[in-house]
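Report on the following structure.
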Amino acid sequence: MADYPHLLAPLDLGFDVLPNRVLMGSMHTGLEEERGGMARLARFYAERARGGVALMVTGGISPNRAGVVAWGGARMSSSAHARHHRVVTDAVRAEGGRIAMQILHAGRYAYTPFCVAPSALRSPISRFTPRALSSRGVDRTIRDFVVSAQLARYAGYHGVEIMGSEGYLINQFLAAQTNKRTDQWGGDFERRSRFALEIVSRVREAVGDDFILIYRLSMLDLVPGGSDWKEVVQLAKGVEAAGATMINTGIGWHEARIPTIATSVPRGGFKFVTKALMGSVDLPLIATNRFNDPGACEQALAEGCADMVSMARPFLADPEFVAKARAGRASHINTCIGCNQACLDHVFAQKVASCLVNPRACHETVTVPKTLKDVRVAVVGAGPAGMSSALECARAGAKVTLFEASEQFGGQFNLAKKIPGKGEFGETVRYFTAELAKHGVEVRLSTPATTERVAGFDRVVLATGVQPRLWNIPGSDRPEVVTYVDVLSGKVDVGRRVAIVGAGGIGFDVADFLTHDADEGGFHASWGVDMDLTERGGLTQPTRTSSRREVIMYQRSEGKVGGNLGKTTGWIHRQTLKQRGVKQLSGVTYEKLDAEGLHVTLADGTSHTQAVDHVVVCAGQTPHRPDNLDHPNLVVVGGARDARGLDAQRAILEGLRVAMERP
Ligand SMILES: Cc1cc2nc3c(=O)[nH]c(=O)nc-3n(C[C@H](O)[C@H](O)[C@H](O)COP(=O)(O)OP(=O)(O)OC[C@H]3O[C@@H](n4cnc5c(N)ncnc54)[C@H](O)[C@@H]3O)c2cc1C
Ligand SMILES: Cc1cc2nc3c(=O)[nH]c(=O)nc-3n(C[C@H](O)[C@H](O)[C@H](O)COP(=O)(O)O)c2cc1C
Ligand code: SF4
């Protein structure tokens with residue numbers, strides 16, 4: 001408590017007192033639509049309630065059929081639906097927790113041909129043109145919100161959150177560019193905001209005074225023609241008068257071309273927005289986006305940026321976030337690294353969400369370790385796969401020794417954390433280091449494992465990772481040729497003209513590392529986020545320039561360079577490098593490297609020579625398996641097992657799976 005006095009202070013709502021200032025933000029997990037998903041969801045929320053979070057908000061649930069985000073999406077529009085949710089609310093209440101259901105109507109973002117919107121204007125991120133709601137349709141939709149809120153109360157929820165941001169239906173009514181109506185729901189801002197205010201006041205009337213009603217207000221649209229700050233304040237006042245309990249912050253429409261939650265967004269990078277609204281209304285305000293450690297939350301509250309902090313993904317990463325902060329064990333928090341790989345990318349691919357650093361998230365009931373009491377386990381390699389398997393085996397009761405050839409934990413995460421904006425990867429190493437010590441794992445750094453050293457263990461887990469794949473063309477033995485490991489570990493002083501061979505995730509990271517000088521002004525300035533809140537939509541001219549380095553990336557396969565990067569973050573990397581002047585060529589054949597430079601044949605058969613000071617090879621990896629190491633019970637995980645398509649999500653999950661089987 002002494003460490004986080006603001007964060008852990010109770011919040012009086014009048015009819016209820018929240019035990020602290022931490023809200024678990026809304027996340028659609030995919031379990032909502034999964035067979036048997038509600039029981040799994042119940043376990044998911046119950047663990048988080050037990051972990052001490054004051055209030056949780058469910059993923060968005062549609063008030064009617066037209067509002068679902070995708071075909072078959074969850075709805076709350078009948079008492080049968082409500083009864084289906086009881087398992088969740090009962091489980092949360094049994095833990096003494098609180099949970100509100102988010103009501104989200106996707107409007108033109110609904111990925112179905114039956115989508116509706118204030119006007120028949122297609123979103124740039126959808127292929128479906130919505131049907132404009134008739135006046136009666138608008139009335140019916142408001143009624144559906146009201147019924148949904150009543151049903152949420154009947155289902156045992158403590159409240160609802162009305163989703164008014166991220167470019168969904170309510171937001172579409174608010175913005176002039178998506179609302180061209182000429183009836184009472186369109187026109188000036190007062191008329192465009194009527195839909196939102198009518199929903200809030202009629203929901204309040206229907207659910208009574210002792211029910212939490214959060215309104216998620218889009219405070220920074222980050223799209224051309226979005227709301228201006230005067231309209232945001234006017235709406236907040238209207239929402240307060242209409243009977244909301246709290247106002248949560250929404251940042252950026254889905255179609256915005258500015259990162260709002262990726263790891264490159266600084267911690268609490270949008271708290272200035274909520275702070276600007278403080279004092280304009282008396283309701284508690286909630287700040288959000290990229291808060292992932294108690295220190296940053298405490299600071300935001302102490303600075304008067306908000307009354308409460310929302311964290312969504314950090315609760316996938318660690319259900320015990322609040323309990324650990326309260327107990328003075330913040331260094332044991334498994335920190336969300338903002339990668340989106342297992343959460344948002346999964347949801348966009350219609351898969352159940354999880355978490356790269358915590359594969360148990362949303363899979364609590366299906367990732368149960370066996371009891372490994374009295375089993376002696378040697379884990380070889382302290383990269384993500386090795387750290388994960390050592391920790392999970394120790395938690396399951398095994399006696400674990402962890403051998404690491406280098407002098408530090410972390411494996412390739414020690415390179416990843418050097419990429420600008422990926423410093424969070426260091427937090428994962430910190431978390432595992434703290435937890436391995438807590439669970440009594442014997443650690444032997446600077447000790448390569450050998451057959452002799454692992455003799456006598458019941459099981460050996462080989463997690464020795466990968467090595468960079470060699471690049472073989474005439475001249476590839478020249479001194480200009482270096483690997484990504486040489487570059488990121490600071491072994492070479494990279495010159496001005498650089499060719500990067502290979503345009504996968506690591507190639508992009510290396511290009512980012514080498515051209516970061518172009519973003520001198522920092523995150524907000526380089527992306528054009530208006531921190532003065534004077535521009536409509538919160539957009540200003542980006543200050544990003546070209547890099548002083550000349551970088552060119554090559555890819556052997558044809559098609560879009562970087563096409564395999566993450567679904568929700570790939571565009572950020574592609575756009576960043578393009579703006580920094582990085583050239584990209586696909587479908588190339590490498591011919592030779594000589595004093596003139598790198599010679600390639602392009603997809604159209606023409607030749608191209610690039611003068612270079614360095615060629616950085618990012619051409620994939622191969623498994624690294626020491627040949628002086630054997631054991632009759634050897635389990636191979638992570639990159640050592642298979643380097644193809646390797647990422648940390650797979651490495652950490654495979655580490656966990658070791659503990660799910662007895663040797
Ligand atoms: C720049 C960069 C950025 C990346 N970004 C991402 C990202 O954004 N998302 C993502 O999912 N993945 C990312 N990765 C990939 C990710 O780091 C790897 O997939 C992951 O580290 C693989 O884990 P691992 O444990 O299998 O192997 P490694 O991380 O390679 O660890 C292997 C460990 O074994 C040790 N070792 C080797 N031989 C022995 C021995 N004989 N005895 C004892 N110890 C030994 C090594 O020293 C090392 O510490 C990135 C990688 C790099 C280089
Ligand atoms: C997997 C996933 C699903 C989400 N689903 C919703 C949703 O249904 N409704 C909503 O308002 N926000 C949703 N969000 C956005 C979060 O509420 C939050 O604004 C965002 O993740 C940034 O906060 P964080 O950095 O604390 O995660 C989702 C985010 C993720 C990662
Ligand atoms: S997958 Fe990445 S972004 Fe998502 S919760 Fe886990 S660490 Fe955070």
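Ordered as shown in the structure tokens, chains take letters A, B, and onward, while each chain numbers its residues from 1 and ligands are numbered from 1 in the order shown.
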Could you pull out the residues sitting within 9 Å of ligand 2, using only C-alpha atoms and all ligand atoms, and write them as number ranges by chain? A: 24-30, 57-61, 69, 102-104, 161-166, 216, 249-251, 260-263, 267-268, 288-292, 309-316, 336, 338, 340, 342-348, 352-354
Tell me which protein, DNA and RNA residues are within 9 Å of A:Gly73, counting only C-alpha atoms, leaving out same-chain ones fewer than 3 positions away, and put them as a list in words. Gly30, Glu32, Glu33, Ile61, Ser62, Arg65, Gly67, Val68, Val69 and Ala70 of chain A
Which residue is closest to A:Val147? Choose from A:Ser119, A:Thr568, A:Asn64, A:Thr89 and count only C-alpha atoms.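 The closest residue to A:Val147 is A:Asn64.
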Quick one: everything within 10 Å of A:Leu585, counting only C-alpha atoms, minus sequence neighbours fewer than 4 positions away in the same chain. Send it as an MDAnalysis selection string. chainID A and resid 503 552:561 602:603
Please provide the set of residues having any atom within 7 Å of stretch 395-404 of chain A, restricted to only C-alpha atoms, with same-chain residues fewer than 3 positions apart removed, written as number ranges by chain. A: 369-382, 390-392, 439, 441-449, 659
If you run DSSP on the backbone, which residues of stretch 331-363 of chain A are alpha helix (DSSP H), as a list in words?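 Restricting stretch 331-363 of chain A to alpha helix (DSSP H) produces Leu344, Asp345, His346, Val347 and Phe348 of chain A.
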Please save N, CA, C and O atoms of the selected residues as a compact mmCIF listing (two decimals), in the first residue's frame.
# COMPACT_ATOMS: atom_id res chain seq x y z
N LEU A 344 -4.81 -9.73 -29.48
CA LEU A 344 -5.56 -9.12 -30.57
C LEU A 344 -5.38 -9.86 -31.90
O LEU A 344 -6.34 -10.02 -32.66
N ASP A 345 -4.17 -10.30 -32.19
CA ASP A 345 -3.96 -11.02 -33.45
C ASP A 345 -4.81 -12.29 -33.49
O ASP A 345 -5.34 -12.66 -34.54
N HIS A 346 -4.95 -12.96 -32.35
CA HIS A 346 -5.79 -14.17 -32.31
C HIS A 346 -7.25 -13.80 -32.57
O HIS A 346 -7.94 -14.46 -33.33
N VAL A 347 -7.71 -12.75 -31.88
CA VAL A 347 -9.12 -12.39 -32.01
C VAL A 347 -9.43 -12.00 -33.46
O VAL A 347 -10.46 -12.40 -34.01
N PHE A 348 -8.52 -11.27 -34.10
CA PHE A 348 -8.74 -10.89 -35.50
C PHE A 348 -8.75 -12.11 -36.41
O PHE A 348 -9.35 -12.10 -37.47
Dump the neighbourhood of ligand 1 as a PyMOL selection string: all residues within 6 Å, distances computed on only C-alpha atoms and all ligand atoms. chain A and resi 380-386+403-406+410-413+415-416+448-449+463-466+506+509+626+638-640+646-649+651
All strand (DSSP E) positions in stretch 356-386 of chain A, as a PyMOL selection string: chain A and resi 376-380
Restricting it to N, CA and C atoms, dump the selection as a PDB file, in the first residue's frame.
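Generated output (again34.pdb):
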ATOM      1  N   ARG A 376      13.457 -34.796 -10.802  1.00  0.00           N
ATOM      2  CA  ARG A 376      14.605 -33.891 -10.979  1.00  0.00           C
ATOM      3  C   ARG A 376      14.718 -33.519 -12.452  1.00  0.00           C
ATOM      4  N   VAL A 377      14.614 -32.229 -12.720  1.00  0.00           N
ATOM      5  CA  VAL A 377      14.602 -31.751 -14.111  1.00  0.00           C
ATOM      6  C   VAL A 377      15.802 -30.831 -14.357  1.00  0.00           C
ATOM      7  N   ALA A 378      16.529 -31.092 -15.445  1.00  0.00           N
ATOM      8  CA  ALA A 378      17.569 -30.151 -15.882  1.00  0.00           C
ATOM      9  C   ALA A 378      17.034 -29.430 -17.105  1.00  0.00           C
ATOM     10  N   VAL A 379      17.053 -28.112 -17.071  1.00  0.00           N
ATOM     11  CA  VAL A 379      16.646 -27.334 -18.243  1.00  0.00           C
ATOM     12  C   VAL A 379      17.907 -26.705 -18.820  1.00  0.00           C
ATOM     13  N   VAL A 380      18.084 -26.860 -20.118  1.00  0.00           N
ATOM     14  CA  VAL A 380      19.313 -26.376 -20.754  1.00  0.00           C
ATOM     15  C   VAL A 380      18.978 -25.198 -21.659  1.00  0.00           C
TER      16      VAL A 380
END
A:Thr545 surroundings by only C-alpha atoms, 12 Å radius, close-in-sequence under 3 positions cut, as a list in words: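 The residues satisfying every condition are Thr515, His516, Asp517, Ala518, Asp519, Glu520, Gly521, Gly522, Ala525, Ser526, Trp527, Gly528, Gln541, Pro542, Arg548, Arg549, Thr576, Leu577, Lys578, Gln579, Arg580, Gly581 and Val582 of chain A.
Nearest-residue note for A:Cys297: choosing from A:Arg108, A:His6, A:His573, A:Arg35, the minimum distance belongs to A:His6, counting only C-alpha atoms.
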Computed gap from atom CA of A:Leu356 to atom CA of A:Glu47 is 18.1 Å
Quick one: residues within 9 Å of A:Phe114, only C-alpha atoms counted, chain neighbours fewer than 6 positions away excluded, as a VMD selection string? chain A and resid 65 to 67 128 to 131
Could you pull the residues within 8 Å of A:Met660, counting only C-alpha atoms, minus those fewer than 2 positions along the same chain, as a list of chain:residue names? A:Thr367, A:Val368, A:Pro369, A:Lys370, A:Leu656, A:Arg657, A:Val658, A:Arg662
At what distance in Å, to one decimal, does atom CA of A:Leu213 lie from atom CA of A:Gly159?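 The value is 5.6 Å.
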Which residue is closest to A:Ile419? Choose from A:Gly72, A:Gly186, A:Ala361, A:Leu514 and count only C-alpha atoms. A:Leu514
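Interatomic distance, atom CA of A:Ile652 against atom CA of A:Ser388: 5.5 Å.
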